[in-house]
>>> print(open('final-v5.txt').read())   # compact mmCIF, C-alpha atoms and all ligand atoms
# COMPACT_ATOMS: atom_id res chain seq x y z
CA MET A 1 -1.11 -10.07 17.60
CA SER A 2 2.15 -10.08 15.84
CA TYR A 3 3.22 -6.62 14.67
CA ARG A 4 4.50 -4.15 17.21
CA ILE A 5 5.69 -0.56 17.06
CA ASP A 6 8.26 1.14 19.23
CA SER A 7 7.43 4.85 19.09
CA ASN A 8 9.56 5.97 22.04
CA GLY A 9 12.06 7.47 19.61
CA CYS A 10 9.50 10.16 18.78
CA LEU A 11 9.29 11.54 22.32
CA ALA A 12 11.15 14.55 23.70
CA SER A 13 12.22 12.46 26.71
CA VAL A 14 14.28 10.30 24.31
CA ILE A 15 15.44 12.55 21.47
CA GLY A 16 15.29 16.01 22.97
CA GLU A 17 13.66 19.16 21.68
CA GLN A 18 12.46 17.84 18.27
CA GLY A 19 10.55 15.08 20.04
CA LEU A 20 6.95 15.25 21.16
CA ALA A 21 6.35 16.52 24.67
CA GLU A 22 4.70 13.88 26.88
CA ALA A 23 1.72 16.15 27.69
CA THR A 24 1.09 16.92 24.00
CA TYR A 25 1.33 13.23 23.15
CA ARG A 26 -1.14 12.23 25.85
CA GLY A 27 -3.58 14.97 24.81
CA MET A 28 -3.41 13.92 21.15
CA LEU A 29 -3.78 10.26 22.07
CA ARG A 30 -6.89 11.04 24.10
CA ARG A 31 -8.42 12.79 21.09
CA ALA A 32 -7.46 9.94 18.74
CA VAL A 33 -9.07 7.46 21.11
CA ARG A 34 -12.28 9.48 21.09
CA ALA A 35 -12.20 9.16 17.29
CA CYS A 36 -11.71 5.38 17.73
CA GLU A 37 -14.85 5.28 19.84
CA GLY A 38 -16.68 6.93 16.95
CA LEU A 39 -15.34 4.24 14.60
CA ALA A 40 -16.48 1.51 17.00
CA ARG A 41 -19.99 2.97 16.91
CA GLN A 42 -19.91 3.15 13.11
CA ARG A 43 -18.83 -0.47 12.96
CA THR A 44 -21.68 -1.56 15.19
CA SER A 45 -24.24 0.41 13.22
CA GLY A 46 -22.79 -0.78 9.90
CA GLN A 47 -22.26 2.82 8.74
CA MET A 48 -18.69 2.41 7.50
CA ALA A 49 -18.31 -0.52 5.09
CA LEU A 50 -14.52 -0.41 5.42
CA LEU A 51 -14.86 -1.60 9.01
CA GLN A 52 -16.99 -4.59 7.98
CA VAL A 53 -14.71 -5.84 5.17
CA PRO A 54 -12.42 -7.93 7.40
CA GLU A 55 -15.44 -10.07 8.33
CA TRP A 56 -16.72 -10.54 4.78
CA ARG A 57 -16.51 -14.09 3.52
CA SER A 58 -19.40 -14.40 1.04
CA ASP A 59 -17.52 -12.60 -1.76
CA LEU A 60 -14.58 -15.00 -1.58
CA ASP A 61 -16.37 -17.66 -3.67
CA GLU A 62 -16.77 -15.32 -6.63
CA ILE A 63 -13.15 -14.18 -6.31
CA GLU A 64 -12.06 -17.82 -6.25
CA ALA A 65 -14.10 -18.73 -9.33
CA LEU A 66 -12.80 -15.76 -11.35
CA ALA A 67 -9.22 -16.36 -10.28
CA THR A 68 -9.41 -20.06 -11.10
CA ARG A 69 -10.70 -19.35 -14.59
CA PHE A 70 -7.90 -16.85 -15.26
CA ARG A 71 -5.18 -19.00 -13.67
CA GLU A 72 -6.19 -22.07 -15.66
CA SER A 73 -6.54 -20.26 -18.99
CA PHE A 74 -3.59 -17.89 -19.11
CA ASP A 75 0.20 -17.60 -18.69
CA GLN A 76 0.12 -13.80 -18.47
CA ILE A 77 -2.49 -11.56 -16.93
CA PHE A 78 -2.50 -7.82 -17.50
CA ILE A 79 -3.98 -5.76 -14.69
CA LEU A 80 -4.96 -2.28 -15.88
CA GLY A 81 -5.66 0.44 -13.34
CA THR A 82 -4.02 3.23 -11.41
CA GLY A 83 -3.88 4.65 -7.85
CA GLY A 84 -6.27 2.79 -5.57
CA SER A 85 -7.11 0.43 -8.40
CA SER A 86 -3.55 -0.82 -8.55
CA LEU A 87 -1.26 -0.01 -5.62
CA GLY A 88 -2.82 -2.37 -3.07
CA ALA A 89 -2.87 -5.28 -5.51
CA ARG A 90 0.73 -4.59 -6.49
CA THR A 91 1.70 -4.64 -2.82
CA ILE A 92 -0.11 -7.89 -2.05
CA THR A 93 1.03 -9.79 -5.10
CA ARG A 94 4.68 -8.96 -4.36
CA LEU A 95 4.34 -11.45 -1.50
CA ALA A 96 4.29 -14.20 -4.10
CA GLY A 97 7.72 -13.10 -5.37
CA PHE A 98 8.70 -12.16 -8.90
CA SER A 99 8.27 -15.49 -10.66
CA SER A 100 4.70 -16.43 -9.76
CA LYS A 101 2.63 -18.12 -12.44
CA PRO A 102 0.66 -16.84 -14.26
CA ARG A 103 2.77 -13.72 -14.65
CA LEU A 104 0.94 -10.61 -13.47
CA ILE A 105 1.74 -7.45 -15.39
CA PHE A 106 0.46 -4.19 -13.95
CA LEU A 107 -0.11 -1.43 -16.50
CA GLU A 108 -0.43 1.80 -14.54
CA ASN A 109 0.95 4.45 -16.81
CA VAL A 110 0.15 5.70 -20.28
CA ASP A 111 3.75 5.79 -21.43
CA PRO A 112 3.31 4.44 -24.96
CA VAL A 113 6.74 2.80 -24.97
CA SER A 114 6.14 0.63 -21.92
CA VAL A 115 2.65 -0.33 -23.05
CA SER A 116 3.78 -1.41 -26.51
CA ASP A 117 6.85 -3.20 -25.06
CA ARG A 118 4.56 -5.18 -22.76
CA LEU A 119 2.21 -6.07 -25.60
CA ALA A 120 5.05 -7.04 -27.94
CA ASP A 121 6.00 -9.64 -25.37
CA CYS A 122 2.51 -11.15 -25.14
CA ASP A 123 0.78 -14.09 -26.81
CA PRO A 124 -2.85 -12.92 -26.75
CA ALA A 125 -4.16 -16.48 -27.00
CA ARG A 126 -2.53 -17.19 -23.62
CA ALA A 127 -3.17 -13.83 -21.98
CA GLY A 128 -5.98 -12.38 -19.89
CA VAL A 129 -6.80 -8.77 -19.03
CA ILE A 130 -8.46 -7.33 -15.94
CA VAL A 131 -9.45 -3.67 -16.10
CA ILE A 132 -9.97 -2.09 -12.68
CA SER A 133 -11.44 1.36 -12.11
CA LYS A 134 -13.83 2.34 -9.36
CA SER A 135 -15.25 5.32 -11.25
CA GLY A 136 -14.95 3.75 -14.68
CA GLY A 137 -13.88 7.19 -15.89
CA THR A 138 -10.13 7.51 -15.28
CA ALA A 139 -8.52 8.62 -18.55
CA GLU A 140 -5.34 6.54 -18.14
CA THR A 141 -7.19 3.30 -17.46
CA LEU A 142 -9.64 3.89 -20.28
CA ALA A 143 -6.79 4.67 -22.67
CA GLN A 144 -4.96 1.47 -21.67
CA ALA A 145 -8.18 -0.53 -22.01
CA ALA A 146 -8.84 0.87 -25.49
CA LEU A 147 -5.32 0.08 -26.67
CA VAL A 148 -5.18 -3.40 -25.20
CA LEU A 149 -8.66 -4.26 -26.42
CA ASP A 150 -7.71 -3.18 -29.92
CA PHE A 151 -4.55 -5.30 -29.77
CA PHE A 152 -6.52 -8.39 -28.71
CA ARG A 153 -9.26 -7.69 -31.24
CA SER A 154 -6.69 -7.61 -34.06
CA ALA A 155 -4.95 -10.76 -32.90
CA LEU A 156 -8.02 -12.82 -31.98
CA ASP A 157 -11.57 -12.88 -33.13
CA GLU A 158 -13.75 -10.15 -31.56
CA ALA A 159 -16.04 -12.89 -30.31
CA ALA A 160 -13.11 -14.22 -28.22
CA LEU A 161 -12.76 -11.01 -26.19
CA PRO A 162 -15.23 -11.92 -23.40
CA ALA A 163 -13.16 -15.01 -22.60
CA HIS A 164 -10.00 -12.89 -22.14
CA PHE A 165 -11.28 -9.77 -20.37
CA LEU A 166 -12.83 -8.91 -17.05
CA VAL A 167 -13.93 -5.44 -15.93
CA LEU A 168 -14.03 -4.52 -12.23
CA THR A 169 -15.91 -1.28 -11.75
CA GLU A 170 -18.79 0.30 -9.88
CA GLN A 171 -22.27 -0.67 -10.94
CA ARG A 172 -23.24 2.55 -12.70
CA ASP A 173 -23.12 4.15 -16.07
CA SER A 174 -19.56 5.10 -17.06
CA ALA A 175 -17.30 5.00 -20.10
CA LEU A 176 -15.81 1.72 -18.86
CA SER A 177 -19.22 0.15 -18.24
CA ARG A 178 -20.28 1.11 -21.75
CA LEU A 179 -17.08 -0.35 -23.22
CA ALA A 180 -17.72 -3.60 -21.32
CA ALA A 181 -21.31 -3.68 -22.58
CA ARG A 182 -20.31 -3.00 -26.18
CA PHE A 183 -17.95 -6.02 -26.27
CA SER A 184 -19.99 -8.18 -23.84
CA LEU A 185 -17.06 -8.31 -21.44
CA PRO A 186 -17.84 -9.97 -18.13
CA ARG A 187 -17.80 -7.62 -15.16
CA THR A 188 -17.72 -7.73 -11.42
CA ASP A 189 -18.66 -4.91 -9.07
CA HIS A 190 -16.39 -2.51 -7.23
CA VAL A 191 -17.93 -1.90 -3.80
CA THR A 192 -19.67 1.47 -3.96
CA ASP A 193 -19.26 2.73 -0.42
CA ILE A 194 -15.52 2.15 -0.03
CA GLY A 195 -13.12 4.67 -1.55
CA GLY A 196 -10.60 3.36 -4.09
CA ARG A 197 -7.52 3.81 -1.89
CA PHE A 198 -9.27 2.06 1.03
CA ALA A 199 -10.39 -0.87 -1.16
CA VAL A 200 -7.32 -3.07 -0.89
CA LEU A 201 -9.14 -5.74 1.14
CA THR A 202 -12.08 -5.96 -1.31
CA ASN A 203 -11.98 -7.79 -4.65
CA VAL A 204 -9.75 -4.96 -5.97
CA GLY A 205 -6.84 -6.38 -3.97
CA LEU A 206 -8.04 -9.91 -3.37
CA LEU A 207 -8.70 -10.98 -6.94
CA PRO A 208 -5.08 -10.24 -7.91
CA ALA A 209 -4.04 -11.88 -4.62
CA ARG A 210 -5.79 -15.12 -5.62
CA LEU A 211 -4.31 -14.89 -9.13
CA ALA A 212 -0.95 -14.96 -7.35
CA GLY A 213 -2.09 -17.95 -5.28
CA LEU A 214 -2.28 -16.03 -1.98
CA ASP A 215 -4.62 -16.62 0.95
CA CYS A 216 -7.41 -14.00 0.98
CA ALA A 217 -8.99 -15.17 4.24
CA ALA A 218 -5.64 -14.75 6.00
CA LEU A 219 -5.31 -11.17 4.69
CA ARG A 220 -8.72 -10.38 6.13
CA ALA A 221 -8.03 -12.20 9.39
CA GLY A 222 -4.89 -10.08 9.88
CA ALA A 223 -6.90 -6.93 9.16
CA ALA A 224 -9.62 -8.00 11.61
CA GLU A 225 -7.07 -8.53 14.34
CA ALA A 226 -5.55 -5.06 13.86
CA LEU A 227 -9.00 -3.45 13.76
CA ASN A 228 -10.26 -5.23 16.88
CA ARG A 229 -7.15 -4.35 18.83
CA CYS A 230 -7.52 -0.69 17.87
CA LEU A 231 -11.18 -0.55 18.83
CA VAL A 232 -10.78 -2.22 22.24
CA SER A 233 -7.45 -0.83 23.42
CA GLY A 234 -8.68 2.58 24.56
CA GLU A 235 -5.95 4.97 25.67
CA SER A 236 -3.31 2.32 26.18
CA ASP A 237 -0.07 2.39 24.21
CA GLU A 238 -1.33 -0.86 22.64
CA ASN A 239 -3.72 1.18 20.50
CA LEU A 240 -1.12 1.38 17.76
CA PRO A 241 -3.10 3.29 15.08
CA ALA A 242 -4.16 5.90 17.67
CA VAL A 243 -0.58 6.22 18.92
CA GLY A 244 0.63 6.60 15.31
CA ALA A 245 -1.91 9.30 14.52
CA ALA A 246 -1.18 11.16 17.78
CA ILE A 247 2.55 11.15 17.06
CA SER A 248 2.30 12.16 13.40
CA VAL A 249 -0.13 15.00 13.95
CA GLY A 250 1.45 16.08 17.25
CA LEU A 251 4.92 16.30 15.66
CA CYS A 252 3.51 18.19 12.70
CA GLN A 253 1.57 20.72 14.74
CA THR A 254 4.08 21.33 17.52
CA ARG A 255 7.47 20.59 15.94
CA GLY A 256 7.00 21.41 12.26
CA ILE A 257 7.57 17.81 11.17
CA SER A 258 5.95 18.01 7.75
CA GLN A 259 7.30 14.89 6.01
CA SER A 260 6.69 11.24 6.74
CA ILE A 261 9.34 8.83 5.50
CA MET A 262 8.12 5.24 5.16
CA MET A 263 11.16 2.98 4.97
CA PRO A 264 10.68 -0.78 4.91
CA TYR A 265 13.80 -2.91 5.19
CA SER A 266 12.40 -5.51 2.81
CA ASP A 267 12.24 -5.63 -0.97
CA ARG A 268 8.89 -7.42 -0.73
CA LEU A 269 7.50 -4.39 1.09
CA GLN A 270 8.84 -1.82 -1.36
CA PRO A 271 5.41 -1.45 -3.09
CA PHE A 272 3.85 -0.96 0.34
CA GLY A 273 5.57 2.44 0.46
CA TYR A 274 3.70 3.46 -2.69
CA TRP A 275 0.36 2.27 -1.30
CA TYR A 276 1.03 4.21 1.92
CA ARG A 277 2.02 7.31 -0.05
CA GLN A 278 -1.38 7.48 -1.73
CA ILE A 279 -3.52 6.82 1.31
CA TRP A 280 -1.65 9.31 3.49
CA ALA A 281 -1.38 12.02 0.82
CA GLU A 282 -4.87 11.93 -0.65
CA SER A 283 -6.65 11.43 2.66
CA LEU A 284 -4.90 14.14 4.66
CA GLY A 285 -3.71 16.70 2.14
CA LYS A 286 -6.69 18.98 2.45
CA GLU A 287 -7.38 22.52 3.63
CA LYS A 288 -3.62 23.17 3.98
CA GLN A 289 -3.28 20.23 6.38
CA GLY A 290 -1.38 16.95 6.15
CA THR A 291 2.23 15.84 5.97
CA THR A 292 4.05 14.73 2.85
CA PRO A 293 4.59 10.97 2.63
CA ILE A 294 7.85 9.84 1.07
CA ASN A 295 8.75 6.25 0.40
CA ALA A 296 12.25 4.91 0.82
CA LEU A 297 13.83 1.46 0.93
CA GLY A 298 16.34 0.13 3.43
CA THR A 299 19.23 -0.37 2.98
CA VAL A 300 19.30 1.01 -0.58
CA ASP A 301 18.28 4.57 0.28
CA GLN A 302 20.77 4.82 3.12
CA HIS A 303 23.21 5.30 0.24
CA SER A 304 21.27 8.08 -1.42
CA GLN A 305 19.12 9.82 1.21
CA LEU A 306 20.68 9.35 4.62
CA GLN A 307 22.91 12.42 4.50
CA LEU A 308 19.77 14.54 4.10
CA TYR A 309 17.86 12.56 6.70
CA LEU A 310 20.60 13.04 9.30
CA ASP A 311 21.83 16.50 8.58
CA GLY A 312 19.24 18.24 6.39
CA PRO A 313 16.13 20.07 7.57
CA ASP A 314 14.69 18.68 10.78
CA ASP A 315 11.22 18.16 9.33
CA LYS A 316 10.84 14.38 9.01
CA LEU A 317 9.27 11.54 10.92
CA PHE A 318 10.83 8.18 10.08
CA THR A 319 8.89 4.92 10.11
CA PHE A 320 11.07 1.85 9.72
CA ILE A 321 9.41 -1.48 8.95
CA GLU A 322 11.54 -4.45 9.88
CA LEU A 323 10.93 -8.20 9.81
CA GLU A 324 11.93 -10.47 12.62
CA GLU A 325 12.96 -12.94 9.96
CA ASN A 326 15.42 -10.33 8.63
CA GLY A 327 18.29 -12.17 10.28
CA GLY A 328 17.94 -15.01 7.76
CA GLY A 329 19.31 -15.86 4.33
CA ALA A 330 22.48 -17.50 3.17
CA ARG A 331 25.56 -17.56 5.41
CA PHE A 332 28.72 -15.98 3.97
CA ALA A 333 31.33 -18.56 2.95
CA GLU A 334 34.09 -18.60 5.55
CA ASP A 335 36.95 -18.30 3.02
CA LEU A 336 35.41 -15.16 1.48
CA THR A 337 35.49 -13.24 4.74
CA HIS A 338 39.24 -13.45 5.47
CA ASP A 339 40.03 -9.95 4.29
CA PRO A 340 40.55 -7.79 7.38
CA ASP A 341 37.95 -5.33 6.08
CA LEU A 342 35.36 -8.06 5.66
CA ARG A 343 35.89 -9.83 8.95
CA TYR A 344 32.72 -8.29 10.36
CA LEU A 345 30.77 -10.56 7.99
CA ARG A 346 32.42 -13.75 9.27
CA GLY A 347 29.91 -16.32 10.50
CA HIS A 348 27.00 -14.08 9.55
CA LYS A 349 24.12 -14.31 7.10
CA MET A 350 23.01 -11.73 4.55
CA GLY A 351 20.00 -10.89 6.74
CA ASP A 352 22.29 -10.06 9.68
CA LEU A 353 23.69 -7.18 7.64
CA LEU A 354 20.15 -5.98 6.83
CA ARG A 355 19.18 -6.09 10.49
CA ALA A 356 22.38 -4.41 11.72
CA SER A 357 21.98 -1.68 9.09
CA ALA A 358 18.43 -0.88 10.20
CA GLN A 359 19.52 -0.75 13.83
CA ALA A 360 22.52 1.44 13.01
CA THR A 361 20.48 3.84 10.88
CA ALA A 362 17.74 4.15 13.49
CA ASP A 363 20.34 4.79 16.20
CA SER A 364 22.14 7.43 14.10
CA LEU A 365 18.85 9.24 13.49
CA LEU A 366 17.97 9.11 17.17
CA MET A 367 21.43 10.41 18.09
CA ALA A 368 20.81 13.30 15.70
CA GLY A 369 17.54 13.99 17.54
CA ARG A 370 15.31 12.91 14.64
CA PRO A 371 11.99 11.19 15.45
CA VAL A 372 11.97 7.50 14.54
CA ARG A 373 9.40 4.79 15.10
CA ARG A 374 10.12 1.15 14.40
CA LEU A 375 7.43 -1.25 13.30
CA THR A 376 8.38 -4.93 13.49
CA LEU A 377 6.52 -7.76 11.81
CA GLN A 378 7.09 -11.26 13.14
CA ARG A 379 7.10 -12.56 9.58
CA LEU A 380 5.88 -11.37 6.20
CA ASP A 381 2.80 -13.29 5.11
CA GLU A 382 -0.81 -12.57 4.20
CA HIS A 383 -1.94 -12.26 7.82
CA GLU A 384 0.74 -9.74 8.70
CA LEU A 385 0.22 -7.74 5.54
CA GLY A 386 -3.53 -7.60 6.25
CA SER A 387 -2.74 -6.17 9.69
CA LEU A 388 -0.35 -3.64 8.18
CA PHE A 389 -2.95 -2.40 5.67
CA MET A 390 -5.61 -2.05 8.37
CA HIS A 391 -3.18 -0.35 10.74
CA PHE A 392 -2.34 2.39 8.24
CA MET A 393 -5.94 2.82 7.04
CA LEU A 394 -6.95 3.40 10.67
CA GLU A 395 -3.96 5.59 11.46
CA THR A 396 -4.86 7.72 8.43
CA ILE A 397 -8.52 8.06 9.40
CA LEU A 398 -7.60 8.96 12.98
CA ALA A 399 -4.96 11.46 11.80
CA ALA A 400 -7.62 13.06 9.59
CA ASP A 401 -9.79 13.49 12.65
CA LEU A 402 -6.92 15.19 14.50
CA PHE A 403 -6.18 17.44 11.52
CA GLY A 404 -9.90 18.20 11.21
CA VAL A 405 -10.23 17.04 7.59
CA ASP A 406 -12.42 14.49 5.83
CA PRO A 407 -10.21 11.47 4.94
CA PHE A 408 -12.46 10.38 2.08
CA GLY A 409 -12.63 11.87 -1.40
CA GLN A 410 -9.95 13.83 -3.27
CA PRO A 411 -11.75 16.91 -4.55
CA ALA A 412 -8.64 18.78 -5.68
CA VAL A 413 -7.51 15.97 -8.00
CA GLU A 414 -10.68 16.22 -10.04
CA THR A 415 -9.71 19.65 -11.49
CA GLY A 416 -6.55 18.24 -13.10
CA LYS A 417 -8.46 15.27 -14.50
CA ARG A 418 -11.03 17.58 -16.06
CA LEU A 419 -8.37 19.90 -17.50
CA ALA A 420 -6.48 16.97 -19.11
CA ARG A 421 -9.67 15.93 -20.88
CA ASP A 422 -10.31 19.53 -21.99
CA TYR A 423 -6.77 19.89 -23.42
CA LEU A 424 -7.22 16.70 -25.44
CA LYS A 425 -10.47 18.01 -26.83
CA GLU A 426 -8.65 21.12 -28.10
CA VAL A 427 -6.08 19.12 -30.14
O1 LIG B 501 -10.31 3.58 -9.59
P1 LIG B 501 -10.42 4.83 -10.39
O2 LIG B 501 -11.78 5.44 -10.33
O3 LIG B 501 -9.98 4.61 -11.81
O4 LIG B 501 -9.45 5.88 -9.77
C1 LIG B 501 -8.06 5.72 -9.75
C2 LIG B 501 -7.43 6.88 -9.00
O5 LIG B 501 -7.76 8.06 -9.71
C3 LIG B 501 -7.57 9.32 -9.12
O6 LIG B 501 -6.77 10.15 -9.72
C4 LIG B 501 -7.78 9.46 -7.65
O7 LIG B 501 -7.08 10.58 -7.17
C5 LIG B 501 -7.37 8.23 -6.90
O8 LIG B 501 -7.84 8.32 -5.60
C6 LIG B 501 -7.91 6.97 -7.56
O9 LIG B 501 -7.49 5.84 -6.82
>>> encode(input="final-v5.txt", output="structure tokens", more="lines below")
Ligand SMILES: O=P(O)(O)OC[C@H]1O[C@H](O)[C@H](O)[C@@H](O)[C@@H]1O
Amino acid sequence: MSYRIDSNGCLASVIGEQGLAEATYRGMLRRAVRACEGLARQRTSGQMALLQVPEWRSDLDEIEALATRFRESFDQIFILGTGGSSLGARTITRLAGFSSKPRLIFLENVDPVSVSDRLADCDPARAGVIVISKSGGTAETLAQAALVLDFFRSALDEAALPAHFLVLTEQRDSALSRLAARFSLPRTDHVTDIGGRFAVLTNVGLLPARLAGLDCAALRAGAAEALNRCLVSGESDENLPAVGAAISVGLCQTRGISQSIMMPYSDRLQPFGYWYRQIWAESLGKEKQGTTPINALGTVDQHSQLQLYLDGPDDKLFTFIELEENGGGARFAEDLTHDPDLRYLRGHKMGDLLRASAQATADSLLMAGRPVRRLTLQRLDEHELGSLFMHFMLETILAADLFGVDPFGQPAVETGKRLARDYLKEV
């Protein structure tokens, strides 16, 4: 197993009164482990599809065939969707860097300016479109689909649309299903019994991953490893998702730590913070429970947020994600480090500064008595990212158990969605 987490910086024995008391931590951990035992039973009985996904292989052939067709036919591929239908895929595909071919363009918002800018830059003959929505009823995704479909219809023959579009949605009647049927657009199914924000390891995340040329089996293998370790580790500190849930909920309930800052020190993991924000917020923010997830990026946000983190309200848990490979990169040219105020860079690489900055920031927070945990990945690849996704899905589900809320569903969001539709009807 390659990722590890040092959570000692969350304990009262290390940081003082804002840390978690050992007895509280152990009590919470015991409860989280009981919840793990429940998950193990659900995995054995096949009751929770999410826990089976890491072992799935039979769907990979279809993903491969769809991805190959799109990769061979197009230079640009638009991926339409929002929330769980976009954030996981955006996170995974960032692994392939910014210049992967074909170019993947995620349309998440309904800002007319960005949508028309994106379309102005597109040759429809060389572009494909994948519309993703679990429910098939999200207004933003439907609006994007309508606009993009109209654009392609005007530029190409309507009969050409099925060759350019693919719809990924649940197999049931919905506005998106009907749109697909009307234009004979090919479709593939969104798994029914896995919630959108937990679907990153299904075709929702893996089809875009293959479009970016990434290894889907490795993503699942990493997830399987994290899951297995969680389910067999019992009360040991090696049960990282249980430890994480115990610390987050324990700090919230006994120390008033109501915000959770997720701060990767890696540009490639920046979208991960957005994926985490959704899963933590929508799964736990119920019945007045939960903590507020906030994403940040090291080192960039040290220069905009750190004053608050160190000296503002003492209500935050910090999770740093660091890569062992962070010490890499280009070495600074010797003659450019002669200035006395730059001598500290002499002989070093760019990654040394990244690593030293993470260490220094974590130490400053600890010295200020702020709870910090440090997650380290040996390297950043599909396997490690798969583990990271599974870790935080499990940590979220276990935290929900400790908070006493149901991690699945987002009942409160539905009111706003309904109101938005009503307001449009009135215009
Ligand atoms: O995939 P969809 O059904 O289009 O849903 C996309 C998103 O819509 C909502 O607003 C929900 O709060 C999210 O949990 C969901 O991921």
>>> residues_around(input="final-v5.txt", residues="range 298-304 of chain A", least_positions_apart="2", cutoff="10 Å", atoms="all atoms listed in the file", output="PyMOL selection string")
chain A and resi 262-267+270+295-296+306-309+320-322+353-355+357-358+361
>>> residues_around(input="final-v5.txt", residues="Leu20 in chain A", least_positions_apart="6", cutoff="9 Å", atoms="only C-alpha atoms", output="list in words")
Cys10, Leu11, Ala12, Ser13, Ile247, Gly250, Leu251, Thr254, Arg255 and Pro371 of chain A
>>> axis_aligned_box(input="final-v5.txt", around="ligand LIG 501 (chain B)", padding_each_side="8 Å", output="AutoDock Vina command-line options")
--center_x -9.3 --center_y 7.1 --center_z -8.7 --size_x 21.0 --size_y 23.0 --size_z 22.2
>>> residues_around(input="final-v5.txt", residues="range 331-344 of chain A", least_positions_apart="5", cutoff="12 Å", atoms="all atoms listed in the file", output="VMD selection string")
chain A and resid 349 to 353 356
>>> residues_near_ligand(input="final-v5.txt", ligand="ligand LIG 501 (chain B)", cutoff="8 Å", atoms="all atoms listed in the file", output="ChimeraX atom specification")
/A:81-86,132-139,141,169,195-197,278,282,409-410,413-414,417
>>> write_last_selection(input="final-v5.txt", atoms="C-alpha atoms", output="PDB file, in the coordinates of the input")
ATOM      1  CA  GLY A  81      -5.660   0.440 -13.340  1.00  0.00           C
ATOM      2  CA  THR A  82      -4.020   3.230 -11.410  1.00  0.00           C
ATOM      3  CA  GLY A  83      -3.880   4.650  -7.850  1.00  0.00           C
ATOM      4  CA  GLY A  84      -6.270   2.790  -5.570  1.00  0.00           C
ATOM      5  CA  SER A  85      -7.110   0.430  -8.400  1.00  0.00           C
ATOM      6  CA  SER A  86      -3.550  -0.820  -8.550  1.00  0.00           C
ATOM      7  CA  ILE A 132      -9.970  -2.090 -12.680  1.00  0.00           C
ATOM      8  CA  SER A 133     -11.440   1.360 -12.110  1.00  0.00           C
ATOM      9  CA  LYS A 134     -13.830   2.340  -9.360  1.00  0.00           C
ATOM     10  CA  SER A 135     -15.250   5.320 -11.250  1.00  0.00           C
ATOM     11  CA  GLY A 136     -14.950   3.750 -14.680  1.00  0.00           C
ATOM     12  CA  GLY A 137     -13.880   7.190 -15.890  1.00  0.00           C
ATOM     13  CA  THR A 138     -10.130   7.510 -15.280  1.00  0.00           C
ATOM     14  CA  ALA A 139      -8.520   8.620 -18.550  1.00  0.00           C
ATOM     15  CA  THR A 141      -7.190   3.300 -17.460  1.00  0.00           C
ATOM     16  CA  THR A 169     -15.910  -1.280 -11.750  1.00  0.00           C
ATOM     17  CA  GLY A 195     -13.120   4.670  -1.550  1.00  0.00           C
ATOM     18  CA  GLY A 196     -10.600   3.360  -4.090  1.00  0.00           C
ATOM     19  CA  ARG A 197      -7.520   3.810  -1.890  1.00  0.00           C
ATOM     20  CA  GLN A 278      -1.380   7.480  -1.730  1.00  0.00           C
ATOM     21  CA  GLU A 282      -4.870  11.930  -0.650  1.00  0.00           C
ATOM     22  CA  GLY A 409     -12.630  11.870  -1.400  1.00  0.00           C
ATOM     23  CA  GLN A 410      -9.950  13.830  -3.270  1.00  0.00           C
ATOM     24  CA  VAL A 413      -7.510  15.970  -8.000  1.00  0.00           C
ATOM     25  CA  GLU A 414     -10.680  16.220 -10.040  1.00  0.00           C
ATOM     26  CA  LYS A 417      -8.460  15.270 -14.500  1.00  0.00           C
TER      27      LYS A 417
END
>>> closest_residue(input="final-v5.txt", among="A:Leu147, A:Ala96, A:Leu394, A:Leu345", to="Pro112 in chain A", atoms="only C-alpha atoms")
A:Leu147
>>> closest_residue(input="final-v5.txt", among="A:Gly347, A:Gly38, A:Gly244, A:Pro162", to="Tyr25 in chain A", atoms="all atoms listed in the file")
A:Gly244
>>> closest_residue(input="final-v5.txt", among="A:Arg421, A:Arg373, A:Arg277, A:Arg57", to="Ile294 in chain A", atoms="only C-alpha atoms")
A:Arg277
>>> residues_around(input="final-v5.txt", residues="Arg31 in chain A", least_positions_apart="3", cutoff="12 Å", atoms="only C-alpha atoms", output="JSON, numbers by chain")
{"A": [24, 25, 26, 27, 28, 34, 35, 36, 37, 38, 234, 235, 242, 243, 245, 246, 247, 249, 250, 398, 399, 400, 401, 402, 403, 404]}
>>> atom_distance(input="final-v5.txt", atom1="CA of Gly97 in chain A", atom2="CA of Asn228 in chain A")
29.7 Å
>>> atom_distance(input="final-v5.txt", atom1="CA of Thr202 in chain A", atom2="CA of Glu225 in chain A")
16.6 Å
>>> atom_distance(input="final-v5.txt", atom1="CA of Phe392 in chain A", atom2="CA of Pro241 in chain A")
6.9 Å
>>> residues_around(input="final-v5.txt", residues="range 153-161 of chain A", least_positions_apart="4", cutoff="10 Å", atoms="all atoms listed in the file", output="VMD selection string")
chain A and resid 123 to 125 128 to 129 147 to 149 165 to 166 183 to 186
>>> residues_near_point(input="final-v5.txt", point="(-2.7, -2.6, -15.5)", cutoff="6 Å", atoms="only C-alpha atoms", output="PyMOL selection string")
chain A and resi 78-81+106-108
